[in-house]
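See below for run-v9.cif, which holds mmCIF, C-alpha atoms and all ligand atoms.
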data_model
loop_
_atom_site.label_atom_id
_atom_site.label_comp_id
_atom_site.auth_asym_id
_atom_site.auth_seq_id
_atom_site.Cartn_x
_atom_site.Cartn_y
_atom_site.Cartn_z
CA MET A 1 2.47 17.20 -15.87
CA ALA A 2 -0.66 15.38 -14.81
CA PHE A 3 -0.52 12.01 -13.10
CA GLU A 4 -2.19 9.11 -14.89
CA LEU A 5 -3.65 5.77 -13.83
CA GLU A 6 -1.69 2.77 -15.07
CA ALA A 7 -3.48 -0.45 -15.98
CA LEU A 8 -3.35 -3.26 -13.44
CA PRO A 9 -0.38 -5.54 -14.18
CA TYR A 10 -2.76 -8.57 -14.18
CA ALA A 11 -6.43 -9.23 -14.88
CA ALA A 12 -8.98 -7.95 -12.37
CA ASP A 13 -9.98 -11.52 -11.53
CA ALA A 14 -6.39 -12.79 -11.28
CA LEU A 15 -6.30 -12.62 -7.49
CA GLU A 16 -9.47 -14.67 -6.97
CA PRO A 17 -10.59 -16.25 -4.75
CA HIS A 18 -8.58 -14.17 -2.27
CA ILE A 19 -9.54 -10.79 -3.72
CA ASP A 20 -12.59 -10.80 -5.96
CA ARG A 21 -12.88 -9.23 -9.40
CA GLU A 22 -15.56 -6.72 -8.45
CA THR A 23 -13.51 -5.38 -5.55
CA MET A 24 -10.46 -5.06 -7.79
CA GLU A 25 -12.41 -3.24 -10.51
CA ILE A 26 -14.02 -0.76 -8.15
CA HIS A 27 -10.81 -0.30 -6.18
CA HIS A 28 -8.53 0.29 -9.17
CA ASP A 29 -10.84 1.82 -11.77
CA ARG A 30 -12.80 4.09 -9.44
CA HIS A 31 -11.01 4.66 -6.12
CA HIS A 32 -7.46 4.90 -7.49
CA GLN A 33 -8.67 6.95 -10.46
CA ALA A 34 -10.41 9.36 -8.08
CA TYR A 35 -7.22 9.88 -6.04
CA ILE A 36 -5.35 10.71 -9.25
CA ASP A 37 -8.05 13.05 -10.55
CA ASN A 38 -8.24 14.87 -7.23
CA LEU A 39 -4.44 15.06 -6.94
CA ASN A 40 -4.24 16.60 -10.41
CA LYS A 41 -6.92 19.14 -9.46
CA ALA A 42 -5.14 19.97 -6.20
CA ILE A 43 -1.75 20.65 -7.84
CA ALA A 44 -3.01 22.38 -10.99
CA GLY A 45 -1.27 25.73 -11.39
CA THR A 46 1.07 25.17 -8.42
CA ASP A 47 4.80 24.33 -8.17
CA ALA A 48 3.84 20.75 -7.34
CA GLU A 49 2.94 20.24 -10.99
CA ASN A 50 6.66 20.00 -11.72
CA ALA A 51 7.61 17.88 -8.69
CA SER A 52 7.85 14.11 -8.50
CA LEU A 53 5.25 12.31 -6.41
CA GLU A 54 7.98 11.16 -4.01
CA ASP A 55 9.23 14.74 -3.51
CA ILE A 56 5.70 15.97 -2.87
CA LEU A 57 5.15 13.28 -0.23
CA LYS A 58 8.50 13.89 1.48
CA ASN A 59 7.51 17.55 1.92
CA VAL A 60 3.79 17.00 2.26
CA SER A 61 3.42 19.28 5.30
CA ASN A 62 3.99 22.18 2.88
CA TYR A 63 0.94 21.24 0.84
CA SER A 64 -2.83 21.24 1.24
CA PRO A 65 -4.76 18.37 2.84
CA ALA A 66 -6.05 17.50 -0.64
CA VAL A 67 -2.48 16.93 -1.86
CA ARG A 68 -1.69 14.86 1.23
CA ASN A 69 -4.78 12.66 0.91
CA ASN A 70 -4.76 12.19 -2.84
CA GLY A 71 -1.00 12.17 -3.38
CA GLY A 72 -0.79 9.51 -0.70
CA GLY A 73 -3.72 7.71 -2.27
CA HIS A 74 -2.00 7.61 -5.65
CA PHE A 75 1.37 6.45 -4.31
CA ASN A 76 -0.10 3.86 -1.93
CA HIS A 77 -2.32 2.19 -4.53
CA ARG A 78 0.41 2.18 -7.18
CA LEU A 79 2.61 0.30 -4.72
CA PHE A 80 -0.25 -1.97 -3.62
CA TRP A 81 -1.03 -3.27 -7.12
CA SER A 82 2.66 -3.90 -7.76
CA VAL A 83 3.23 -6.05 -4.67
CA LEU A 84 0.28 -8.36 -5.39
CA GLY A 85 0.02 -10.97 -8.11
CA PRO A 86 -1.56 -14.23 -9.18
CA ASN A 87 1.71 -16.09 -8.61
CA GLY A 88 2.17 -14.64 -5.15
CA GLY A 89 2.02 -16.22 -1.76
CA GLY A 90 4.60 -18.42 -0.13
CA ALA A 91 7.49 -16.75 1.61
CA PRO A 92 10.30 -14.42 0.61
CA THR A 93 13.70 -15.80 -0.37
CA GLY A 94 17.27 -14.57 -0.60
CA GLU A 95 18.48 -11.32 0.87
CA LEU A 96 15.00 -10.16 1.84
CA ALA A 97 14.31 -13.41 3.73
CA GLN A 98 17.56 -12.94 5.65
CA ALA A 99 16.73 -9.33 6.49
CA ILE A 100 13.28 -10.43 7.72
CA ASP A 101 14.83 -13.07 9.97
CA ASP A 102 17.31 -10.52 11.32
CA ALA A 103 14.62 -7.93 12.05
CA PHE A 104 11.68 -10.07 13.20
CA GLY A 105 13.08 -13.50 14.01
CA SER A 106 11.02 -15.26 11.34
CA PHE A 107 8.70 -14.71 8.40
CA ASP A 108 5.74 -15.85 10.52
CA GLU A 109 6.54 -13.14 13.04
CA LEU A 110 6.64 -10.51 10.27
CA LYS A 111 3.29 -11.72 8.96
CA LYS A 112 1.80 -11.50 12.46
CA LYS A 113 3.11 -7.96 12.92
CA LEU A 114 1.70 -6.81 9.55
CA GLN A 115 -1.66 -8.38 10.41
CA GLU A 116 -1.71 -6.80 13.88
CA ALA A 117 -0.78 -3.39 12.49
CA GLY A 118 -3.61 -3.65 9.97
CA ALA A 119 -6.21 -5.10 12.35
CA THR A 120 -5.59 -2.50 15.05
CA ARG A 121 -5.59 0.51 12.71
CA PHE A 122 -8.84 2.19 13.74
CA GLY A 123 -10.89 3.33 10.75
CA SER A 124 -9.02 3.51 7.46
CA GLY A 125 -5.33 3.21 6.72
CA TRP A 126 -2.42 0.99 5.80
CA SER A 127 -0.08 -1.58 7.24
CA TRP A 128 3.51 -1.26 5.99
CA LEU A 129 6.80 -3.08 5.74
CA ILE A 130 9.44 -0.39 5.45
CA VAL A 131 13.17 0.10 5.28
CA GLY A 132 13.60 2.54 8.14
CA GLU A 133 15.98 5.48 8.34
CA ASP A 134 18.43 3.14 10.12
CA GLY A 135 18.39 0.81 7.08
CA LYS A 136 16.55 -1.91 8.98
CA LEU A 137 13.17 -3.45 8.20
CA ALA A 138 10.24 -2.38 10.37
CA VAL A 139 6.47 -2.69 10.44
CA THR A 140 4.33 0.37 10.91
CA SER A 141 0.87 1.64 10.09
CA THR A 142 -0.56 4.97 9.02
CA PRO A 143 -4.07 6.45 9.01
CA ASN A 144 -6.06 7.42 5.93
CA GLN A 145 -3.79 7.77 2.87
CA ASP A 146 -0.69 8.78 4.80
CA ASN A 147 2.46 6.75 4.28
CA PRO A 148 5.94 6.44 5.80
CA LEU A 149 7.55 8.61 3.10
CA MET A 150 5.65 11.62 4.42
CA ASP A 151 7.39 14.12 6.68
CA VAL A 152 4.29 13.97 8.90
CA ALA A 153 4.58 10.20 9.52
CA ASP A 154 5.35 9.02 13.08
CA VAL A 155 7.68 6.31 11.74
CA LYS A 156 9.49 7.25 8.54
CA GLY A 157 11.08 5.05 5.93
CA THR A 158 10.72 3.65 2.45
CA PRO A 159 7.67 1.40 2.09
CA ILE A 160 8.42 -1.87 0.28
CA LEU A 161 5.06 -3.56 0.98
CA GLY A 162 1.75 -1.88 1.77
CA ILE A 163 -1.51 -3.52 2.75
CA ASP A 164 -4.63 -1.45 2.27
CA VAL A 165 -7.02 -1.83 5.22
CA TRP A 166 -9.69 0.60 4.04
CA GLU A 167 -13.07 -1.14 3.94
CA HIS A 168 -13.19 -0.56 0.15
CA ALA A 169 -10.29 -3.05 -0.12
CA TYR A 170 -12.23 -5.98 1.34
CA TYR A 171 -15.83 -5.22 2.31
CA LEU A 172 -17.68 -6.88 -0.61
CA LYS A 173 -16.11 -10.26 0.11
CA TYR A 174 -15.12 -10.09 3.78
CA GLN A 175 -17.63 -7.54 5.17
CA ASN A 176 -16.52 -6.61 8.70
CA LYS A 177 -13.97 -9.43 8.92
CA ARG A 178 -10.79 -7.45 8.36
CA PRO A 179 -8.61 -10.16 9.95
CA ALA A 180 -9.90 -12.71 7.39
CA TYR A 181 -8.84 -10.37 4.58
CA LEU A 182 -5.49 -9.86 6.30
CA GLU A 183 -4.99 -13.62 6.28
CA ALA A 184 -6.13 -14.15 2.68
CA ILE A 185 -4.01 -11.40 1.19
CA PHE A 186 -0.82 -13.27 2.04
CA ASN A 187 -1.80 -15.77 -0.69
CA VAL A 188 -1.30 -13.06 -3.30
CA VAL A 189 1.68 -11.06 -2.04
CA ASN A 190 4.34 -11.02 -4.76
CA TRP A 191 7.50 -11.43 -2.66
CA ASP A 192 9.75 -11.07 -5.73
CA ALA A 193 8.36 -7.56 -6.19
CA VAL A 194 8.86 -6.81 -2.49
CA ALA A 195 12.45 -8.10 -2.76
CA GLN A 196 13.08 -5.74 -5.68
CA ASN A 197 11.70 -2.85 -3.64
CA TYR A 198 13.97 -3.87 -0.77
CA ALA A 199 17.03 -3.94 -3.03
CA SER A 200 16.31 -0.42 -4.29
CA ALA A 201 15.43 0.99 -0.87
CA LYS A 202 18.29 -0.23 1.27
MN MN B 301 -7.66 1.51 -1.34
#

What does this structure look like when you write it as structure tokens?
Ligand code: MN
Amino acid sequence: MAFELEALPYAADALEPHIDRETMEIHHDRHHQAYIDNLNKAIAGTDAENASLEDILKNVSNYSPAVRNNGGGHFNHRLFWSVLGPNGGGAPTGELAQAIDDAFGSFDELKKKLQEAGATRFGSGWSWLIVGEDGKLAVTSTPNQDNPLMDVADVKGTPILGIDVWEHAYYLKYQNKRPAYLEAIFNVVNWDAVAQNYASAK
């Protein structure tokens, strides 16, 4: 069964001024679509056609680099769109807020760690908030389209928030200023969605 691109859950200009419409359109309609098309090509006629995306990623060392890059690309962007939103920003509440305080001391400290992980990722990749194998929250980063679900990841866990630090995510508006993008994006993080991901992951 082929993977398909879902529509964005909000308008392409809904995250302005923090993420501009043109970036969102190119990022979702072209980049994400290309990951899906190339994933479908890479699994056509193989056993992976009948596997879930999560199962492919958890065993990704058994697959080709094309499956790793494009399967990761599909999963990562699907998560990314879902944890952003026009009513985002602020800080998490409830159980997630408590878990963040327990793991990092404060929400500000978590934000700093996510920004550092993204800013120091050389080249392209992602900054992640994960529920680790020990059940605790942790921040990690991965190169390219890898993610913490993959058996090849240095730090494994279930990602509940991912921040794309590829230049295609920010270059039109922020050019080389990745830290400015990493500050602005916190205005559009949908913490309710992250809290739901936390509840299912833990
Ligand atoms: Mn991207």

Could you give me, as a Markdown table, a per-residue list for stretch 31-69 of chain A showing, wherever an atom lies at most 8 Å from an atom of stretch 4-8 of chain A, the closest pair of atoms and their distance in Å to one decimal, using only C-alpha atoms and sorting by chain then residue number from low to high?
| residue | atom | partner | partner_atom | distance |
| --- | --- | --- | --- | --- |
| A:His32 | CA | A:Leu5 | CA | 7.4 |
| A:Gln33 | CA | A:Leu5 | CA | 6.2 |
| A:Ile36 | CA | A:Glu4 | CA | 6.7 |

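With all atoms listed in the file as the atoms that count, the set of residues no farther than 6 Å from ligand MN 301 (chain B) is Asp164, Trp166 and Ala169 of chain A.
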
For those residues, write C-alpha atoms to a file as a short mmCIF file (atom, residue, chain, number, x, y, z; two decimals), keeping the file's coordinate frame.
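The result, stored in part_24.cif:
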data_model
loop_
_atom_site.label_atom_id
_atom_site.label_comp_id
_atom_site.auth_asym_id
_atom_site.auth_seq_id
_atom_site.Cartn_x
_atom_site.Cartn_y
_atom_site.Cartn_z
CA ASP A 164 -4.63 -1.45 2.27
CA TRP A 166 -9.69 0.60 4.04
CA ALA A 169 -10.29 -3.05 -0.12
#

Inset, instruction - Go through A:Leu172, A:Ala42, A:Ala14, A:Leu53 and flag the residue nearest A:Gly72, using all atoms listed in the file for the distances. - result: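 Under the stated criterion, the closest residue is A:Leu53.
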
Inset, instruction - May I ask which of the residues A:Pro86, A:Pro65, A:Gly157, A:Gly162 is the closest one to A:Lys136, counting all atoms listed in the file? - result: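 Closest residue, counting all atoms listed in the file: A:Gly157.
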
Inset, instruction - For stretch 60-62 of chain A, list every protein, DNA or RNA residue within 8 Å, evaluated using all atoms listed in the file, and leave out those in the same chain fewer than 6 positions away; present the list as a list in words. - result: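 My list of contacting residues is Arg68, Met150, Asp151 and Val152 of chain A.
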
Inset, instruction - Just the residues within 10 Å of A:His77, please, counting all atoms listed in the file, with nothing from its chain fewer than 2 positions along; format it as a VMD selection string. - result: chain A and resid 27 to 28 31 to 33 35 72 to 75 79 to 83 145 162 to 164

Would you mind exporting C-alpha atoms of the selected residues as an mmCIF file, in the coordinates of the input?
data_model
loop_
_atom_site.group_PDB
_atom_site.id
_atom_site.type_symbol
_atom_site.label_atom_id
_atom_site.label_comp_id
_atom_site.auth_asym_id
_atom_site.auth_seq_id
_atom_site.Cartn_x
_atom_site.Cartn_y
_atom_site.Cartn_z
ATOM 1 C CA HIS A 27 -10.810 -0.300 -6.180
ATOM 2 C CA HIS A 28 -8.530 0.290 -9.170
ATOM 3 C CA HIS A 31 -11.010 4.660 -6.120
ATOM 4 C CA HIS A 32 -7.460 4.900 -7.490
ATOM 5 C CA GLN A 33 -8.670 6.950 -10.460
ATOM 6 C CA TYR A 35 -7.220 9.880 -6.040
ATOM 7 C CA GLY A 72 -0.790 9.510 -0.700
ATOM 8 C CA GLY A 73 -3.720 7.710 -2.270
ATOM 9 C CA HIS A 74 -2.000 7.610 -5.650
ATOM 10 C CA PHE A 75 1.370 6.450 -4.310
ATOM 11 C CA LEU A 79 2.610 0.300 -4.720
ATOM 12 C CA PHE A 80 -0.250 -1.970 -3.620
ATOM 13 C CA TRP A 81 -1.030 -3.270 -7.120
ATOM 14 C CA SER A 82 2.660 -3.900 -7.760
ATOM 15 C CA VAL A 83 3.230 -6.050 -4.670
ATOM 16 C CA GLN A 145 -3.790 7.770 2.870
ATOM 17 C CA GLY A 162 1.750 -1.880 1.770
ATOM 18 C CA ILE A 163 -1.510 -3.520 2.750
ATOM 19 C CA ASP A 164 -4.630 -1.450 2.270
#

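Here atom CA of A:Ile43 is placed at a distance of 21.1 Å from atom CA of A:Pro148.
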
Inset, instruction - Return the single residue from A:Asp154, A:Asp101, A:Glu167, A:Asp108 that is closest to A:Gly125, with distances computed using only C-alpha atoms. - result: A:Glu167

Inset, instruction - Could you give me, as a ChimeraX atom specification, the residues that have an atom at most 12 Å away from the point (-12.7, -10.7, 0.7) in the coordinates of the file, using all atoms listed in the file? - result: /A:15-24,165,167-185

Any chance you could export the current selection's C-alpha atoms as a short mmCIF file (atom, residue, chain, number, x, y, z; two decimals), in the coordinates of the input?
data_model
loop_
_atom_site.label_atom_id
_atom_site.label_comp_id
_atom_site.auth_asym_id
_atom_site.auth_seq_id
_atom_site.Cartn_x
_atom_site.Cartn_y
_atom_site.Cartn_z
CA LEU A 15 -6.30 -12.62 -7.49
CA GLU A 16 -9.47 -14.67 -6.97
CA PRO A 17 -10.59 -16.25 -4.75
CA HIS A 18 -8.58 -14.17 -2.27
CA ILE A 19 -9.54 -10.79 -3.72
CA ASP A 20 -12.59 -10.80 -5.96
CA ARG A 21 -12.88 -9.23 -9.40
CA GLU A 22 -15.56 -6.72 -8.45
CA THR A 23 -13.51 -5.38 -5.55
CA MET A 24 -10.46 -5.06 -7.79
CA VAL A 165 -7.02 -1.83 5.22
CA GLU A 167 -13.07 -1.14 3.94
CA HIS A 168 -13.19 -0.56 0.15
CA ALA A 169 -10.29 -3.05 -0.12
CA TYR A 170 -12.23 -5.98 1.34
CA TYR A 171 -15.83 -5.22 2.31
CA LEU A 172 -17.68 -6.88 -0.61
CA LYS A 173 -16.11 -10.26 0.11
CA TYR A 174 -15.12 -10.09 3.78
CA GLN A 175 -17.63 -7.54 5.17
CA ASN A 176 -16.52 -6.61 8.70
CA LYS A 177 -13.97 -9.43 8.92
CA ARG A 178 -10.79 -7.45 8.36
CA PRO A 179 -8.61 -10.16 9.95
CA ALA A 180 -9.90 -12.71 7.39
CA TYR A 181 -8.84 -10.37 4.58
CA LEU A 182 -5.49 -9.86 6.30
CA GLU A 183 -4.99 -13.62 6.28
CA ALA A 184 -6.13 -14.15 2.68
CA ILE A 185 -4.01 -11.40 1.19
#

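For the pair atom CA of A:Glu54 and atom CA of A:Ala201, the interatomic distance is 13.0 Å.
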
Inset, instruction - With a distance cut-off of 12 Å and all atoms listed in the file, select the neighbouring residues of A:Gly94, excluding the residue or stretch itself and same-chain residues fewer than 2 positions from it, and output the selection as a ChimeraX atom specification. - result: /A:91-92,96-101,191-192,194-196,198-199

Legend entry - Residue among A:Leu161, A:Ala11, A:Leu149, A:Ala103 lying closest to A:Asp55, counting all atoms listed in the file: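 Looking only at the distances to A:Asp55, the closest residue turns out to be A:Leu149.
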
Legend entry - Residue with smallest distance to A:Gly85 - pool A:Lys202, A:Val188, A:Ser127, A:Asn59, counting all atoms listed in the file: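 With all atoms listed in the file as the atom set, the closest residue is A:Val188.
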
Legend entry - Surrounding residues of A:Thr140 excluding itself and chain neighbours under 4 positions, 7 Å, all atoms listed in the file, as a PyMOL selection string: chain A and resi 117+127-129+155

Inset, instruction - State, in Å with one decimal place, the distance from atom CA of A:Arg30 to atom CA of A:Thr120. - result: 26.4 Å

Return as lines of an AutoDock Vina configuration file the centre and edge lengths, in Å with one decimal, of the box along x, y and z that encloses every atom of stretch 39-46 of chain A in the file, padded by 3 Å per side.
center_x = -2.9
center_y = 20.4
center_z = -8.8
size_x = 14.0
size_y = 16.7
size_z = 11.2

Inset, instruction - Name the closest residue to A:Gly105 among the candidates A:Asn144, A:Leu137, A:Gly89, A:Arg78; distances are taken between atoms, counting all atoms listed in the file. - result: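 So, comparing all the options, the nearest one is A:Leu137.
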
Just write stretch 114-126 of chain A with all heavy atoms, as a PDB file, in the first residue's frame, taken from the block above.
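Now in out34.pdb:
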ATOM      1  N   LEU A 114      16.623  22.151  23.356  1.00  0.00           N
ATOM      2  CA  LEU A 114      16.141  21.891  21.995  1.00  0.00           C
ATOM      3  C   LEU A 114      16.807  22.839  21.005  1.00  0.00           C
ATOM      4  O   LEU A 114      17.170  22.452  19.888  1.00  0.00           O
ATOM      5  CB  LEU A 114      14.621  22.049  21.929  1.00  0.00           C
ATOM      6  CG  LEU A 114      13.788  20.907  22.518  1.00  0.00           C
ATOM      7  CD1 LEU A 114      12.341  21.345  22.710  1.00  0.00           C
ATOM      8  CD2 LEU A 114      13.850  19.674  21.603  1.00  0.00           C
ATOM      9  N   GLN A 115      16.973  24.104  21.417  1.00  0.00           N
ATOM     10  CA  GLN A 115      17.611  25.088  20.547  1.00  0.00           C
ATOM     11  C   GLN A 115      19.093  24.758  20.344  1.00  0.00           C
ATOM     12  O   GLN A 115      19.605  24.838  19.232  1.00  0.00           O
ATOM     13  CB  GLN A 115      17.443  26.489  21.134  1.00  0.00           C
ATOM     14  CG  GLN A 115      16.003  26.981  21.024  1.00  0.00           C
ATOM     15  CD  GLN A 115      15.759  28.283  21.762  1.00  0.00           C
ATOM     16  OE1 GLN A 115      16.375  28.549  22.794  1.00  0.00           O
ATOM     17  NE2 GLN A 115      14.848  29.102  21.246  1.00  0.00           N
ATOM     18  N   GLU A 116      19.761  24.365  21.415  1.00  0.00           N
ATOM     19  CA  GLU A 116      21.185  24.004  21.303  1.00  0.00           C
ATOM     20  C   GLU A 116      21.369  22.781  20.414  1.00  0.00           C
ATOM     21  O   GLU A 116      22.273  22.742  19.570  1.00  0.00           O
ATOM     22  CB  GLU A 116      21.762  23.689  22.691  1.00  0.00           C
ATOM     23  CG  GLU A 116      22.205  24.924  23.452  1.00  0.00           C
ATOM     24  CD  GLU A 116      22.545  24.614  24.924  1.00  0.00           C
ATOM     25  OE1 GLU A 116      22.573  23.419  25.311  1.00  0.00           O
ATOM     26  OE2 GLU A 116      22.761  25.591  25.647  1.00  0.00           O
ATOM     27  N   ALA A 117      20.497  21.788  20.605  1.00  0.00           N
ATOM     28  CA  ALA A 117      20.602  20.563  19.799  1.00  0.00           C
ATOM     29  C   ALA A 117      20.407  20.885  18.322  1.00  0.00           C
ATOM     30  O   ALA A 117      21.079  20.325  17.459  1.00  0.00           O
ATOM     31  CB  ALA A 117      19.571  19.536  20.265  1.00  0.00           C
ATOM     32  N   GLY A 118      19.490  21.816  18.033  1.00  0.00           N
ATOM     33  CA  GLY A 118      19.245  22.195  16.639  1.00  0.00           C
ATOM     34  C   GLY A 118      20.348  23.073  16.077  1.00  0.00           C
ATOM     35  O   GLY A 118      20.762  22.909  14.930  1.00  0.00           O
ATOM     36  N   ALA A 119      20.835  24.002  16.889  1.00  0.00           N
ATOM     37  CA  ALA A 119      21.847  24.961  16.400  1.00  0.00           C
ATOM     38  C   ALA A 119      23.188  24.279  16.170  1.00  0.00           C
ATOM     39  O   ALA A 119      23.951  24.680  15.296  1.00  0.00           O
ATOM     40  CB  ALA A 119      21.993  26.109  17.392  1.00  0.00           C
ATOM     41  N   THR A 120      23.491  23.244  16.952  1.00  0.00           N
ATOM     42  CA  THR A 120      24.801  22.602  16.835  1.00  0.00           C
ATOM     43  C   THR A 120      24.773  21.389  15.906  1.00  0.00           C
ATOM     44  O   THR A 120      25.807  20.765  15.689  1.00  0.00           O
ATOM     45  CB  THR A 120      25.322  22.153  18.220  1.00  0.00           C
ATOM     46  OG1 THR A 120      24.360  21.275  18.808  1.00  0.00           O
ATOM     47  CG2 THR A 120      25.523  23.362  19.130  1.00  0.00           C
ATOM     48  N   ARG A 121      23.641  21.044  15.368  1.00  0.00           N
ATOM     49  CA  ARG A 121      23.565  19.960  14.385  1.00  0.00           C
ATOM     50  C   ARG A 121      24.207  20.448  13.097  1.00  0.00           C
ATOM     51  O   ARG A 121      23.675  21.309  12.412  1.00  0.00           O
ATOM     52  CB  ARG A 121      22.098  19.555  14.183  1.00  0.00           C
ATOM     53  CG  ARG A 121      21.793  18.685  12.990  1.00  0.00           C
ATOM     54  CD  ARG A 121      22.599  17.418  12.884  1.00  0.00           C
ATOM     55  NE  ARG A 121      22.520  16.537  14.048  1.00  0.00           N
ATOM     56  CZ  ARG A 121      23.347  15.508  14.251  1.00  0.00           C
ATOM     57  NH1 ARG A 121      24.307  15.231  13.377  1.00  0.00           N
ATOM     58  NH2 ARG A 121      23.227  14.763  15.334  1.00  0.00           N
ATOM     59  N   PHE A 122      25.375  19.937  12.751  1.00  0.00           N
ATOM     60  CA  PHE A 122      26.080  20.399  11.566  1.00  0.00           C
ATOM     61  C   PHE A 122      25.366  19.888  10.319  1.00  0.00           C
ATOM     62  O   PHE A 122      25.022  18.714  10.228  1.00  0.00           O
ATOM     63  CB  PHE A 122      27.530  19.887  11.578  1.00  0.00           C
ATOM     64  CG  PHE A 122      28.339  20.423  10.431  1.00  0.00           C
ATOM     65  CD1 PHE A 122      28.808  21.726  10.428  1.00  0.00           C
ATOM     66  CD2 PHE A 122      28.601  19.618   9.326  1.00  0.00           C
ATOM     67  CE1 PHE A 122      29.526  22.214   9.358  1.00  0.00           C
ATOM     68  CE2 PHE A 122      29.329  20.108   8.253  1.00  0.00           C
ATOM     69  CZ  PHE A 122      29.791  21.416   8.268  1.00  0.00           C
ATOM     70  N   GLY A 123      25.141  20.801   9.361  1.00  0.00           N
ATOM     71  CA  GLY A 123      24.434  20.401   8.144  1.00  0.00           C
ATOM     72  C   GLY A 123      22.948  20.276   8.420  1.00  0.00           C
ATOM     73  O   GLY A 123      22.372  21.141   9.070  1.00  0.00           O
ATOM     74  N   SER A 124      22.349  19.189   7.947  1.00  0.00           N
ATOM     75  CA  SER A 124      20.900  19.042   8.030  1.00  0.00           C
ATOM     76  C   SER A 124      20.510  18.005   9.071  1.00  0.00           C
ATOM     77  O   SER A 124      21.230  17.036   9.289  1.00  0.00           O
ATOM     78  CB  SER A 124      20.348  18.589   6.677  1.00  0.00           C
ATOM     79  OG  SER A 124      20.604  19.579   5.711  1.00  0.00           O
ATOM     80  N   GLY A 125      19.362  18.214   9.701  1.00  0.00           N
ATOM     81  CA  GLY A 125      18.883  17.228  10.658  1.00  0.00           C
ATOM     82  C   GLY A 125      17.741  17.748  11.481  1.00  0.00           C
ATOM     83  O   GLY A 125      17.021  18.666  11.062  1.00  0.00           O
ATOM     84  N   TRP A 126      17.584  17.166  12.650  1.00  0.00           N
ATOM     85  CA  TRP A 126      16.432  17.430  13.507  1.00  0.00           C
ATOM     86  C   TRP A 126      16.843  17.516  14.964  1.00  0.00           C
ATOM     87  O   TRP A 126      17.775  16.841  15.404  1.00  0.00           O
ATOM     88  CB  TRP A 126      15.404  16.284  13.368  1.00  0.00           C
ATOM     89  CG  TRP A 126      14.729  16.264  12.023  1.00  0.00           C
ATOM     90  CD1 TRP A 126      15.277  15.829  10.845  1.00  0.00           C
ATOM     91  CD2 TRP A 126      13.416  16.725  11.713  1.00  0.00           C
ATOM     92  NE1 TRP A 126      14.362  15.988   9.827  1.00  0.00           N
ATOM     93  CE2 TRP A 126      13.215  16.525  10.334  1.00  0.00           C
ATOM     94  CE3 TRP A 126      12.378  17.261  12.481  1.00  0.00           C
ATOM     95  CZ2 TRP A 126      12.029  16.858   9.697  1.00  0.00           C
ATOM     96  CZ3 TRP A 126      11.187  17.596  11.848  1.00  0.00           C
ATOM     97  CH2 TRP A 126      11.025  17.393  10.463  1.00  0.00           C
TER      98      TRP A 126
END
